[in-house]
Amino acid sequence: MDENNFNWKIGGEAGYGILSIGAMFSRAMLRAGQCVFDYAEYPSLIRGGHNTYEVSVSPKPVYAVRRPIHVLVALNQQAVDRHVDELADDAFILFNTDNAKVGEGVCKPSQTVIGIPFEELALKSGAERVSRNTVALGASFGILGAGMQLAKEVIELNFSLKKKDAQVAVVNVAAAQAGYDFVKKQLKKPGRYSLRIQSKPGRIILAGNDALAWGAIKAGCNFFSAYPMTPATSILHTFAAQAPKYNLVVKHTEDEISAIGCAIGAGYCGVRSMTATSGGGFALMTESLGMAGMVEVPVVIVESMRPGPSTGMPTWTGQEDLKFILSASQSEFPRIVMAPGDVEQSYQYIQSAFNLAEKYQSPVVVIMDKYISASHKSVDPSDLKNIKIERGQVVTENELADSPDYLRYVDTADGVSPRALPGMKGGMHVANSDEHNERGFSEEDAAERARMMDKRYKKQAAMAKEIPAPEIEGESHAELTLITWGSTRGAIQEAVAMLRDQGHKINFLQIAYVSPFPAEKVKDVFKHAKKVAIVENNKTGQLAGWLREQTGLSPDFKILKYDGRPFFAHELVATIKELL
């Protein structure tokens, strides 16, 4: 029997409450003392379309969603047809007899198929037909043999958070109990996959966007402006919800151009500010991004990627904007680009982003994607690292009084000029988006233009010295070294562990700070690796191209995926074994 180690999935039409019941199942597993990672798929439709939610459960940390599926809840025929090939040989299929069937030969003899009248059980319990999803929750607990207490707790919590009538929670608990009782009567013998409730170790569950928003608040960000764009929108939701408690200024602007303009204005005034969007919104922000680079204003921009081009696939995932972000806006100016790879890094790196933005008076872009932004992972709060706040070179009025000839853009050894904030006596200057001299006045002299460009780019060299070099993770003396960035980290961690169990030695290097690029470290990794493969969620191998531009080196292999879905560990294992 596999205790506390299984993968659960529910599928059905939009409107069936797939996402809400999936989140409730995930929360229940956390309350049972387990580690979880969850992942949802849904089309960009107002109504209709196929939705799924899957939760991987284990006593040990889970870094990405796992396959195969051990318990599939199919609320319609499409859920049966689409996901039967994802099932383990001994999986359970709970299908909705009201509008689906599992014909002969569809499943393997070793799989257990149980038909459940979900709508009928919901109605008999006094609930609405839509409560078929809570019937499914109870049925899942019946399969896992865990009792109903946790299911009851999360249902009551869910409806109390939504401020529903208390009776709604009562009838939904009854609907879940009906599903539980029905399955228990149908089971001939206990299933292989079971849940045993353990002591609660104090873990919490967070999506990447949640962790990033909380990290930003911890870092002292108190101005946030954004126009909603999937998959970055929930950052705006979190900031808006926490605004009264933390005295935050949150602006839902009319468009993305206004969003970055507001954030730059706040940054210029000395406020830690941030905006967030996806690729299409970032495209509108690029002229203002260049203005921040020229005026040397600190600002943090979060770009949560989705597949493109154009509107693309708004609710799916990909890593297709890297080259765009690295060269966005006209001309050249230093910027920092970082790509956290999991929930913990999202929380920590956003804090670093604010420190670096202010220290180097430059824009910092933090790259996310739908997979890391919206998937939830259980974490130990002690793993959410806090970083000391560093505000950079902000002059005081006493310092200005001692040096009456204030030059906002004075050429320094590291390119960073002392920054005066609006209203400071003696700190008057021009913040000019045209090329300018040290005072900020427009300047078109050839020598002065070259001097100010060189001045700004000194910061890039200083940034490169400060940013920590990436470290190899995994086996030493590996057969293959993987290089990756962003959300592929989790699937690689899972795949490396699986390959280790099969006797293979694999290690990996995550490039978390993409610009300035850690060229010397990467050259050293190539020097000592037997073979190198780059893993990316895009068509052209954008990190591989950037790596070659920065180092002159190319990987032996590229492992690429660009269908809007994340990498799954079992896919990586199969591909890596072929390469070996």
# chains A, B, ... in the order shown; residues from 1 in each chain; ligands from 1
call {"tool": "closest_atom_pairs", "arguments": {"of": "segment 103-126 of chain A", "to": "segment 76-84 of chain A", "cutoff": "10 Å", "atoms": "only C-alpha atoms", "output": "CSV"}}
result
residue,atom,partner,partner_atom,distance
A:Val106,CA,A:Val84,CA,7.7
A:Cys107,CA,A:Val84,CA,7.2
A:Lys108,CA,A:Val84,CA,9.7
call {"tool": "select_by_dssp", "arguments": {"residues": "segment 219-411 of chain A", "states": "alpha helix (DSSP H)", "output": "PyMOL selection string"}}
result
chain A and resi 233-246+256-268+279-295+322-327+343-360+370-374+397-402
call {"tool": "write_last_selection", "arguments": {"atoms": "C-alpha atoms", "output": "PDB file, in the first residue's frame"}}
result
ATOM      1  CA  THR A 233      -3.467  39.349 -12.073  1.00  0.00           C
ATOM      2  CA  SER A 234      -3.470  37.617  -8.697  1.00  0.00           C
ATOM      3  CA  ILE A 235      -0.508  39.792  -7.618  1.00  0.00           C
ATOM      4  CA  LEU A 236      -2.857  42.771  -7.909  1.00  0.00           C
ATOM      5  CA  HIS A 237      -5.514  40.871  -5.931  1.00  0.00           C
ATOM      6  CA  THR A 238      -3.089  40.128  -3.082  1.00  0.00           C
ATOM      7  CA  PHE A 239      -1.848  43.707  -2.897  1.00  0.00           C
ATOM      8  CA  ALA A 240      -5.395  45.085  -2.944  1.00  0.00           C
ATOM      9  CA  ALA A 241      -6.481  42.715  -0.169  1.00  0.00           C
ATOM     10  CA  GLN A 242      -3.527  43.666   2.044  1.00  0.00           C
ATOM     11  CA  ALA A 243      -3.579  47.411   1.322  1.00  0.00           C
ATOM     12  CA  PRO A 244      -5.492  48.472   4.471  1.00  0.00           C
ATOM     13  CA  LYS A 245      -3.388  46.328   6.818  1.00  0.00           C
ATOM     14  CA  TYR A 246       0.013  47.396   5.467  1.00  0.00           C
ATOM     15  CA  GLU A 256      -0.233  49.018 -18.768  1.00  0.00           C
ATOM     16  CA  ILE A 257       1.349  52.261 -19.992  1.00  0.00           C
ATOM     17  CA  SER A 258      -0.178  54.061 -17.037  1.00  0.00           C
ATOM     18  CA  ALA A 259       0.803  51.211 -14.703  1.00  0.00           C
ATOM     19  CA  ILE A 260       4.522  51.490 -15.372  1.00  0.00           C
ATOM     20  CA  GLY A 261       4.346  55.298 -15.516  1.00  0.00           C
ATOM     21  CA  CYS A 262       2.817  55.384 -12.039  1.00  0.00           C
ATOM     22  CA  ALA A 263       5.407  52.924 -10.701  1.00  0.00           C
ATOM     23  CA  ILE A 264       8.281  54.966 -12.161  1.00  0.00           C
ATOM     24  CA  GLY A 265       6.817  58.157 -10.697  1.00  0.00           C
ATOM     25  CA  ALA A 266       6.566  56.561  -7.266  1.00  0.00           C
ATOM     26  CA  GLY A 267      10.109  55.219  -7.562  1.00  0.00           C
ATOM     27  CA  TYR A 268      11.396  58.666  -8.495  1.00  0.00           C
ATOM     28  CA  GLY A 279       3.992  39.684 -22.310  1.00  0.00           C
ATOM     29  CA  GLY A 280       1.384  41.776 -24.116  1.00  0.00           C
ATOM     30  CA  GLY A 281       1.249  44.314 -21.302  1.00  0.00           C
ATOM     31  CA  PHE A 282       5.032  44.410 -21.061  1.00  0.00           C
ATOM     32  CA  ALA A 283       5.141  45.228 -24.783  1.00  0.00           C
ATOM     33  CA  LEU A 284       3.214  48.406 -23.980  1.00  0.00           C
ATOM     34  CA  MET A 285       5.582  49.228 -21.124  1.00  0.00           C
ATOM     35  CA  THR A 286       8.816  49.099 -23.085  1.00  0.00           C
ATOM     36  CA  GLU A 287       9.153  52.812 -23.947  1.00  0.00           C
ATOM     37  CA  SER A 288       8.720  53.711 -20.288  1.00  0.00           C
ATOM     38  CA  LEU A 289      11.171  50.970 -19.332  1.00  0.00           C
ATOM     39  CA  GLY A 290      13.768  52.798 -21.397  1.00  0.00           C
ATOM     40  CA  MET A 291      12.847  56.063 -19.690  1.00  0.00           C
ATOM     41  CA  ALA A 292      13.542  54.456 -16.291  1.00  0.00           C
ATOM     42  CA  GLY A 293      16.935  53.367 -17.620  1.00  0.00           C
ATOM     43  CA  MET A 294      17.786  56.850 -18.909  1.00  0.00           C
ATOM     44  CA  VAL A 295      16.484  58.779 -15.891  1.00  0.00           C
ATOM     45  CA  LEU A 322      13.275  35.913 -22.425  1.00  0.00           C
ATOM     46  CA  LYS A 323      14.954  37.519 -25.453  1.00  0.00           C
ATOM     47  CA  PHE A 324      12.220  40.160 -25.570  1.00  0.00           C
ATOM     48  CA  ILE A 325      12.820  41.119 -21.928  1.00  0.00           C
ATOM     49  CA  LEU A 326      16.594  41.158 -22.304  1.00  0.00           C
ATOM     50  CA  SER A 327      16.456  43.680 -25.152  1.00  0.00           C
ATOM     51  CA  VAL A 343       7.742  29.517  -4.514  1.00  0.00           C
ATOM     52  CA  GLU A 344      10.588  30.041  -2.044  1.00  0.00           C
ATOM     53  CA  GLN A 345      12.726  31.814  -4.638  1.00  0.00           C
ATOM     54  CA  SER A 346       9.773  33.979  -5.692  1.00  0.00           C
ATOM     55  CA  TYR A 347       9.490  35.224  -2.114  1.00  0.00           C
ATOM     56  CA  GLN A 348      13.216  35.803  -1.702  1.00  0.00           C
ATOM     57  CA  TYR A 349      14.272  37.115  -5.103  1.00  0.00           C
ATOM     58  CA  ILE A 350      11.642  39.834  -5.236  1.00  0.00           C
ATOM     59  CA  GLN A 351      13.215  41.243  -2.067  1.00  0.00           C
ATOM     60  CA  SER A 352      16.609  41.229  -3.775  1.00  0.00           C
ATOM     61  CA  ALA A 353      15.002  42.932  -6.767  1.00  0.00           C
ATOM     62  CA  PHE A 354      14.067  45.995  -4.695  1.00  0.00           C
ATOM     63  CA  ASN A 355      17.511  46.216  -3.109  1.00  0.00           C
ATOM     64  CA  LEU A 356      19.246  45.977  -6.491  1.00  0.00           C
ATOM     65  CA  ALA A 357      16.857  48.420  -8.170  1.00  0.00           C
ATOM     66  CA  GLU A 358      17.574  51.088  -5.569  1.00  0.00           C
ATOM     67  CA  LYS A 359      21.256  50.342  -5.149  1.00  0.00           C
ATOM     68  CA  TYR A 360      21.921  50.629  -8.899  1.00  0.00           C
ATOM     69  CA  LYS A 370       1.788  30.774 -15.565  1.00  0.00           C
ATOM     70  CA  TYR A 371       3.100  27.504 -14.119  1.00  0.00           C
ATOM     71  CA  ILE A 372       5.050  29.092 -11.289  1.00  0.00           C
ATOM     72  CA  SER A 373       2.608  31.998 -10.854  1.00  0.00           C
ATOM     73  CA  ALA A 374      -0.535  29.903 -10.395  1.00  0.00           C
ATOM     74  CA  GLU A 397      19.744  67.405   3.237  1.00  0.00           C
ATOM     75  CA  ASN A 398      22.804  67.826   5.468  1.00  0.00           C
ATOM     76  CA  GLU A 399      24.963  66.261   2.766  1.00  0.00           C
ATOM     77  CA  LEU A 400      23.388  68.534   0.167  1.00  0.00           C
ATOM     78  CA  ALA A 401      24.082  71.571   2.347  1.00  0.00           C
ATOM     79  CA  ASP A 402      27.747  70.584   2.573  1.00  0.00           C
TER      80      ASP A 402
END
call {"tool": "closest_residue", "arguments": {"among": "A:Gln186, A:Gln460, A:Gln111, A:Asn507", "to": "Glu473 of chain A", "atoms": "only C-alpha atoms"}}
result
A:Asn507
call {"tool": "select_by_dssp", "arguments": {"residues": "segment 66-308 of chain A", "states": "strand (DSSP E or B)", "output": "MDAnalysis selection string"}}
result
chainID A and resid 69:74 87:96 112:116 193:194 204:207 223:226 249:252 273:277 299:305
call {"tool": "closest_residue", "arguments": {"among": "A:Leu553, A:Met498, A:Leu137, A:Ala226", "to": "Glu571 of chain A", "atoms": "only C-alpha atoms"}}
result
A:Met498
call {"tool": "closest_atom_pairs", "arguments": {"of": "segment 471-566 of chain A", "to": "segment 574-580 of chain A", "cutoff": "8 Å", "atoms": "only C-alpha atoms", "output": "tab-separated table"}}
result
residue	atom	partner	partner_atom	distance
A:Glu479	CA	A:Leu580	CA	7.5
A:Leu480	CA	A:Leu580	CA	7.6
A:Ile559	CA	A:Thr575	CA	7.9
call {"tool": "closest_residue", "arguments": {"among": "A:Ala569, A:Lys458, A:Asn537, A:Asn7", "to": "Ala495 of chain A", "atoms": "only C-alpha atoms"}}
result
A:Ala569
call {"tool": "atom_distance", "arguments": {"atom1": "atom CA of His528 of chain A", "atom2": "atom CA of Thr540 of chain A"}}
result
25.7 Å
call {"tool": "residues_around", "arguments": {"residues": "Ala529 of chain A", "least_positions_apart": "2", "cutoff": "12 Å", "atoms": "only C-alpha atoms", "output": "PyMOL selection string"}}
result
chain A and resi 472+475-483+505-509+522-527+531-533+555-556
call {"tool": "closest_residue", "arguments": {"among": "A:Gly564, A:Pro201, A:Pro516, A:Pro117", "to": "Gln550 of chain A", "atoms": "only C-alpha atoms"}}
result
A:Pro516
